[in-house]
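Undergrad: First, the structure itself, so that you have it in front of you.
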Amino acid sequence: MASSQLQIELNDQQIYEILHAAKQCPSRATNGFEHLQLTLTSFSITMLGGSSDNLFKKTIPFHSSVCSPLSFSVVADFLCSALEMYTQSNHGHDKLEITITTEDNQATSISFGLCFIDSIRKQSLYPVLPCHIDAVNKAFSRPHQMSINCRDLYDDLKMVAQHTEGNFKAVYLKGSQKHITALVDDGHEITEYRWPNEHTGIYEIIFDDKTLTSLQLALSYNSSDANLSQFNHELCIDTGDQQLYFEQNQSLPKLKGKKPNRTIEDIKFIIDKFYFKQEIDSYSKIREIKIHSEAFLYFNNKNIMLFYLSKSTEICRLLNVKEVSSPYEGVFQFNPRSISASRIKLQPKQFVCAINHTYNSNYILTFKNSLEKGAPAMFTLDCTKRDDLKPFAKKLLAESLQMKEEDVDIDKSHVGEQMACVGFFDQDED
């Protein structure tokens, strides 16, 4: 029997990736999934592991003297122990010495030389296990059905997490040209959440709370495109260097097509800064508003009105609206003292704003200076939905719109008078 030894070196990023993969293998499994499968080539390492209902396959760059692909299985918790000992004890001065012993091109053992703590860790290796072969055939050989950028999908999943705080049994997430729709079953009722689609990705997937956590972790630092496949309760995602498989609750597909008990829509809007800044500044000078620390935004189709209302005082102003994501009617209360008018710079001239629903019927009002995705928020305020004020707000809006219409009519009549005067003087000169 021909025996040889293969010396390999891993950099910090490779160690991190393998350690992270090993931690995803269940240590108490007895069906083979307590092992992590590794395949070494001259230019890559491919890791395969997880559990029967949550599999992953990931390839990372690697350079070695391996002539032909070398595949083997290693007990994951042993691998974790060796790599963690290295990362905790080494201070960047010593390399991790790894030796793989092979016999007739089969890996038989692996040895970690931790010379900086005078330690050697060695364990037998196993050939590719049947459970991993079955997993590849079952999970990673499905045809792709749809494609979306990983970062865009991550942002949509982040919105789901924000709306639900992870308290749900199932989510049906759909991206259409204009909106992202999430149908959420929390075990008590079905709620539909909608928000503007900022990436135009077209897709639909169904997942549970466990899958959401795994997906967010896998997609968080990935900017490539992902190919998706959903077969009933089984979800597959392929990002090129990484493949994920989730076998979920068999009742999940039943969520698609169900009617929600309620629908909650997030709103995105763009307003002129000057009028908003001017009005907030005026509120800061009114003692009654300062004491009550409240102001209101009223949305009615494409109109947005900023107002204050009490038993003795009514103040309202129509904002100069450049864009609203979708027609909506509702009142939201916020604390105007949380906005420092002095911090509002008039360049650029517009605010990009959003009202997003969060868990337990709370809302967040966000002001940004830029339309660019990921732009930082200037202000983020907690706000409360106050639909009890809709009748009063509608009355104030009607009065404001009527005044605006009358003002336009007056302007038109003034223009007519000026034109008549111009004609009169022209005739006189003739």
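Labels for the structure tokens follow display order: chains A, B, ..., residues from 1 in each chain, ligands from 1.
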Name the residues of region 261-359 of chain A that fall into strand (DSSP E) according to DSSP on the backbone, using the chain letters and numbers of this document, as a ChimeraX atom specification.

TA: /A:262-265,267-272,295-301,303-309,314-318,321-324,328-334,350-358

Undergrad: Per DSSP on the backbone, filter region 144-266 of chain A down to the residues in helix (DSSP H, G or I) and report them as a PyMOL selection string.

TA: chain A and resi 150-164+209-219+252-255

Undergrad: Between A:Thr41, A:Gln13, A:Asn232, A:Gln402, which residue has the minimum interatomic distance to Val66 (chain A), considering only C-alpha atoms?

TA: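 Of the candidates, the smallest distance to Val66 (chain A) is held by A:Thr41.
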
Undergrad: What's around region 310-325 of chain A at 6 Å? Count only C-alpha atoms, leave out sequence neighbours fewer than 5 positions away in its own chain, and write the answer as a list in words.

TA: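 Answer for this query is Lys268, Phe269, Ile270, Ile271, Asp272, Ile304 and Met305 of chain A.
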
Undergrad: Applying 8 Å and only C-alpha atoms, which residues near region 2-6 of chain A remain after dropping the ones on its own chain fewer than 5 positions away? List them as a PyMOL selection string.

TA: chain A and resi 66+99-104

Undergrad: Name the residues in contact with Asp241 (chain A) at a cut-off of 12 Å, using only C-alpha atoms, excluding same-chain residues fewer than 3 positions from it; report them as a list of chain:residue names.

TA: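 Everything that qualifies: A:Ser44, A:Ile45, A:Thr46, A:Met47, A:Leu48, A:Phe56, A:Lys57, A:Lys58, A:Thr59, A:Ile60, A:Pro61, A:Ala218, A:Leu219, A:Asn222, A:Ser223, A:Ser224, A:Asp225, A:Ala226, A:Asn227, A:Ile237, A:Asp238, A:Leu244.
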
Undergrad: When distances are computed from only C-alpha atoms, which of A:Phe231, A:Trp195, A:Gln278, A:Phe246 shows the smallest separation from Ile355 (chain A)?

TA: A:Trp195

Undergrad: Give me, as JSON lines, the closest atom pair and its distance (Å, one decimal) for every residue of region 45-87 of chain A within a cut-off of 7 Å of region 112-126 of chain A, counting only C-alpha atoms, rows sorted by chain and rising number.

TA:
```
{"residue": "A:Phe72", "atom": "CA", "partner": "A:Tyr126", "partner_atom": "CA", "distance": 5.7}
{"residue": "A:Ser73", "atom": "CA", "partner": "A:Tyr126", "partner_atom": "CA", "distance": 4.9}
{"residue": "A:Val74", "atom": "CA", "partner": "A:Leu125", "partner_atom": "CA", "distance": 5.4}
{"residue": "A:Ala82", "atom": "CA", "partner": "A:Arg121", "partner_atom": "CA", "distance": 6.9}
{"residue": "A:Tyr86", "atom": "CA", "partner": "A:Leu114", "partner_atom": "CA", "distance": 6.9}
```

Undergrad: Can you pull out every residue within 12 Å of region 332-340 of chain A, counting only C-alpha atoms, but drop anything in the same chain fewer than 5 positions away, and send it as a ChimeraX atom specification?

TA: /A:267,276-287,289-300,304-309,345,354-357,361-367,378-390,393

Undergrad: Could you state the separation of CA of Ala170 (chain A) and CA of Pro327 (chain A) in Å, given to one decimal place?

TA: 28.3 Å
